[in-house]
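Working notes for the structure below.
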Amino acid sequence: MKNFVFVVRRAAHGTAHGRELAEAAMLAGAMDQSVAVAFLDDGVFQLKSGQCPAAVGAVAVTGPLAALAEDGLARLYVESESLAERNLSAEDLAVATQVLTRAEMSDLLGRADVILTA
Amino acid sequence: MEFALVVTEGPFTRQSSATACRFARAAIARGHRVWRVFFFHDGVGNASRHIEPPGREHNAAGEWSALAREHGVDLVLCVTAAQRRGICAEALAPGFRIGGLGQMVEASIRCDRTLVFGG
Amino acid sequence: MPVLHMVRASPFAAPALEACLDRVRPGDAVLLMEDAVLAARRGTAPAARLVRTAAEVEGLRLHVLEPDLLARGIAAAELVEAVAVVDDGSFVDLAVGYPTILPWI
């Protein structure tokens with residue numbers, strides 16, 4: 001079993017990378033790998049509550065992300081500094097995630113065998 | 001060592017496919033193996049057999065095809081990414097095939113290193 | 001485990017290099033490639049940041065990819081001393097030498 005970390009650094013809907021990466025994370029989890037999804041920088045906006053993606057013809061990302069955690073396929077982590085820099089807090093998020101400090105996030109990334117990004 | 005590469009950007013506009021191709025050549029020259037290249041997101045655009053750049057510009061599909069032919073590199077496109085972008089099996093250059101995201105994960109499980117080229 | 005950070009965006013266009021340097025740890029390596037090689041030119045704010053971070057983080061190694069310098073007309077003499085110029089073969093050696101590889105988009 002390998003330790004996969006999927007790093008999301010872009011906001012939702014401007015690019016579809018977050019959604020496509022969530023699909024990959026789900027598969028890695030289904031293939032019995034250890035999977036973490038790390039949201040940093042603009043990636044924290046993937047998790048924001050109140051999204052109405054249909055307004056731009058996009059599809060929801062928060063549902064599939066929440067399902068990843070609920071189904072036990074992946075652990076979700078968000079970086080506290082990235083939230084604070086964007087005037088967000090954990091209460092603004094629609095998806096339950098573990099908040100890590102930047103140093104803790106760096107440790108998590110350093111323990112990865114495989115890092116995939118979007 | 002065995003490498004898995006992931007290419008996530010299309011040809012021509014962005015440099016990453018060309019960078020990945022150079023990396024693959026250099027790895028093979030060093031005695032390593034590039035086991036699979038997985039084309040994800042806009043990266044599926046590198047597989048079209050209809051790519052015909054003018055002059056001596058980097059021909060993404062042609063150079064990847066050559067790696068497959070000469071060194072047995074497995075070139076796999078994400079089926080969902082390809083469908084979303086209108087890339088079908090009939091349009092693929094030699095050496096490319098359409099597969100699933102599971103094959104990206106499988107390559108990362110098997111290989112010693114996974115490198116992502118592109119955003 | 002030490003991490004090889006791959007940075008490819010110009011520091012003048014995107015915050016990827018800064019995001020990376022905010023998070024590097026002792027023993028890590030950074031490879032500047034594609035438009036990120038612009039960061040290594042002396043006399044610029046990104047180059048100053050590179051030098052400062054190299055001084056602050058113990059054992060941090062900074063590399064810049066030669067083909068991308070050549071393509072952009074940037075000579076080795078224009079670069080800050082904190083960065084080492086590497087060819088594609090050495091890029092492969094870096095990937096072999098670091099168990100974790102983190103691309104910054």
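Residues are referred to by chain and number: the chain letter is A, B, ... according to the order shown in the structure tokens, the number counts from 1 in that chain, and ligands are numbered separately from 1 in the order shown.
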
Interface residues on chain A facing chain C, 12 Å, only C-alpha atoms, written as a PyMOL selection string: chain A and resi 2-10+17+40-43+79+81-82+101-118

Apply DSSP to the structure's backbone, then extract all residues of chain A labelled strand (DSSP E or B) and return them as number ranges by chain. A: 3-8, 12, 15, 34-39, 48, 75-79, 93, 98-100, 114-117

Restrict the selected residues to C-alpha atoms and save them as an mmCIF file, in the first residue's frame.
```cif
data_model
loop_
_atom_site.group_PDB
_atom_site.id
_atom_site.type_symbol
_atom_site.label_atom_id
_atom_site.label_comp_id
_atom_site.auth_asym_id
_atom_site.auth_seq_id
_atom_site.Cartn_x
_atom_site.Cartn_y
_atom_site.Cartn_z
ATOM 1 C CA ASN A 3 0.664 6.775 0.669
ATOM 2 C CA PHE A 4 -1.063 8.973 -1.940
ATOM 3 C CA VAL A 5 -1.562 12.696 -1.398
ATOM 4 C CA PHE A 6 -3.705 14.639 -3.864
ATOM 5 C CA VAL A 7 -2.822 18.329 -3.647
ATOM 6 C CA VAL A 8 -5.479 20.836 -4.691
ATOM 7 C CA ALA A 12 -13.386 25.262 -8.099
ATOM 8 C CA THR A 15 -10.747 24.946 -13.877
ATOM 9 C CA SER A 34 -3.812 5.277 1.790
ATOM 10 C CA VAL A 35 -5.284 8.496 0.379
ATOM 11 C CA ALA A 36 -5.217 12.069 1.617
ATOM 12 C CA VAL A 37 -6.536 15.110 -0.219
ATOM 13 C CA ALA A 38 -4.776 18.327 0.784
ATOM 14 C CA PHE A 39 -6.384 21.694 0.111
ATOM 15 C CA LYS A 48 -16.667 26.624 0.569
ATOM 16 C CA ARG A 75 -8.898 11.813 4.469
ATOM 17 C CA LEU A 76 -9.394 15.521 3.768
ATOM 18 C CA TYR A 77 -7.031 18.195 5.090
ATOM 19 C CA VAL A 78 -7.134 21.962 4.762
ATOM 20 C CA GLU A 79 -4.324 24.373 5.634
ATOM 21 C CA LEU A 93 -16.618 25.171 4.649
ATOM 22 C CA GLN A 98 -9.193 18.360 9.366
ATOM 23 C CA VAL A 99 -7.444 21.721 9.698
ATOM 24 C CA LEU A 100 -3.644 21.517 9.684
ATOM 25 C CA VAL A 114 2.975 9.684 -4.579
ATOM 26 C CA ILE A 115 1.797 13.274 -5.006
ATOM 27 C CA LEU A 116 -0.742 14.116 -7.689
ATOM 28 C CA THR A 117 -1.818 17.721 -8.205
#
```

Near-A:Asp92 list (10 Å; only C-alpha atoms; drop same-chain fewer than 4 positions) as a PyMOL selection string: chain A and resi 45+47-50+83+87-88

With 6 Å as the limit and counting only C-alpha atoms, what residues in chain C lie close to chain B? Please list them as a PyMOL selection string. chain C and resi 88-89+92+105

Residues just named, written with C-alpha atoms as a PDB file, in the first residue's frame:
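Dumped everything to result_0.pdb:
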```pdb
ATOM      1  CA  ASP C  88      17.918  16.771 -18.207  1.00  0.00           C
ATOM      2  CA  GLY C  89      20.043  13.828 -17.037  1.00  0.00           C
ATOM      3  CA  VAL C  92      16.408  12.452 -13.685  1.00  0.00           C
ATOM      4  CA  ILE C 105       1.260  24.411 -10.493  1.00  0.00           C
TER       5      ILE C 105
END
```

Identify, with DSSP run on backbone atoms, the residues in stretch 16-47 of chain B assigned to alpha helix (DSSP H), and express the list as a list in words.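 Alpha helix (DSSP H) assignments inside stretch 16-47 of chain B correspond to Ser16, Ser17, Ala18, Thr19, Ala20, Cys21, Arg22, Phe23, Ala24, Arg25, Ala26, Ala27, Ile28 and Ala29 of chain B.
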
Just the selected residues (N, CA and C atoms), exported as a PDB file, in the first residue's frame, please.
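So the final result, stored in again_2.pdb, reads:
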```
ATOM      1  N   SER B  16       4.609  21.698 -21.089  1.00  0.00           N
ATOM      2  CA  SER B  16       4.817  20.545 -20.204  1.00  0.00           C
ATOM      3  C   SER B  16       4.928  19.196 -20.917  1.00  0.00           C
ATOM      4  N   SER B  17       4.199  19.012 -22.029  1.00  0.00           N
ATOM      5  CA  SER B  17       4.306  17.741 -22.732  1.00  0.00           C
ATOM      6  C   SER B  17       5.723  17.563 -23.284  1.00  0.00           C
ATOM      7  N   ALA B  18       6.292  18.648 -23.818  1.00  0.00           N
ATOM      8  CA  ALA B  18       7.657  18.582 -24.344  1.00  0.00           C
ATOM      9  C   ALA B  18       8.665  18.331 -23.219  1.00  0.00           C
ATOM     10  N   THR B  19       8.448  18.972 -22.065  1.00  0.00           N
ATOM     11  CA  THR B  19       9.338  18.753 -20.914  1.00  0.00           C
ATOM     12  C   THR B  19       9.285  17.288 -20.473  1.00  0.00           C
ATOM     13  N   ALA B  20       8.064  16.750 -20.409  1.00  0.00           N
ATOM     14  CA  ALA B  20       7.888  15.359 -19.981  1.00  0.00           C
ATOM     15  C   ALA B  20       8.575  14.404 -20.957  1.00  0.00           C
ATOM     16  N   CYS B  21       8.452  14.722 -22.243  1.00  0.00           N
ATOM     17  CA  CYS B  21       9.062  13.889 -23.284  1.00  0.00           C
ATOM     18  C   CYS B  21      10.596  13.900 -23.126  1.00  0.00           C
ATOM     19  N   ARG B  22      11.167  15.070 -22.893  1.00  0.00           N
ATOM     20  CA  ARG B  22      12.620  15.167 -22.682  1.00  0.00           C
ATOM     21  C   ARG B  22      13.029  14.391 -21.444  1.00  0.00           C
ATOM     22  N   PHE B  23      12.221  14.511 -20.372  1.00  0.00           N
ATOM     23  CA  PHE B  23      12.528  13.773 -19.142  1.00  0.00           C
ATOM     24  C   PHE B  23      12.536  12.271 -19.419  1.00  0.00           C
ATOM     25  N   ALA B  24      11.531  11.803 -20.180  1.00  0.00           N
ATOM     26  CA  ALA B  24      11.444  10.368 -20.475  1.00  0.00           C
ATOM     27  C   ALA B  24      12.680   9.899 -21.233  1.00  0.00           C
ATOM     28  N   ARG B  25      13.086  10.669 -22.242  1.00  0.00           N
ATOM     29  CA  ARG B  25      14.293  10.313 -23.012  1.00  0.00           C
ATOM     30  C   ARG B  25      15.522  10.271 -22.106  1.00  0.00           C
ATOM     31  N   ALA B  26      15.635  11.274 -21.234  1.00  0.00           N
ATOM     32  CA  ALA B  26      16.810  11.348 -20.349  1.00  0.00           C
ATOM     33  C   ALA B  26      16.808  10.183 -19.350  1.00  0.00           C
ATOM     34  N   ALA B  27      15.628   9.815 -18.869  1.00  0.00           N
ATOM     35  CA  ALA B  27      15.537   8.708 -17.904  1.00  0.00           C
ATOM     36  C   ALA B  27      15.963   7.398 -18.565  1.00  0.00           C
ATOM     37  N   ILE B  28      15.486   7.194 -19.794  1.00  0.00           N
ATOM     38  CA  ILE B  28      15.828   5.966 -20.521  1.00  0.00           C
ATOM     39  C   ILE B  28      17.331   5.947 -20.813  1.00  0.00           C
ATOM     40  N   ALA B  29      17.881   7.119 -21.170  1.00  0.00           N
ATOM     41  CA  ALA B  29      19.326   7.209 -21.438  1.00  0.00           C
ATOM     42  C   ALA B  29      20.145   6.888 -20.189  1.00  0.00           C
TER      43      ALA B  29
END
```
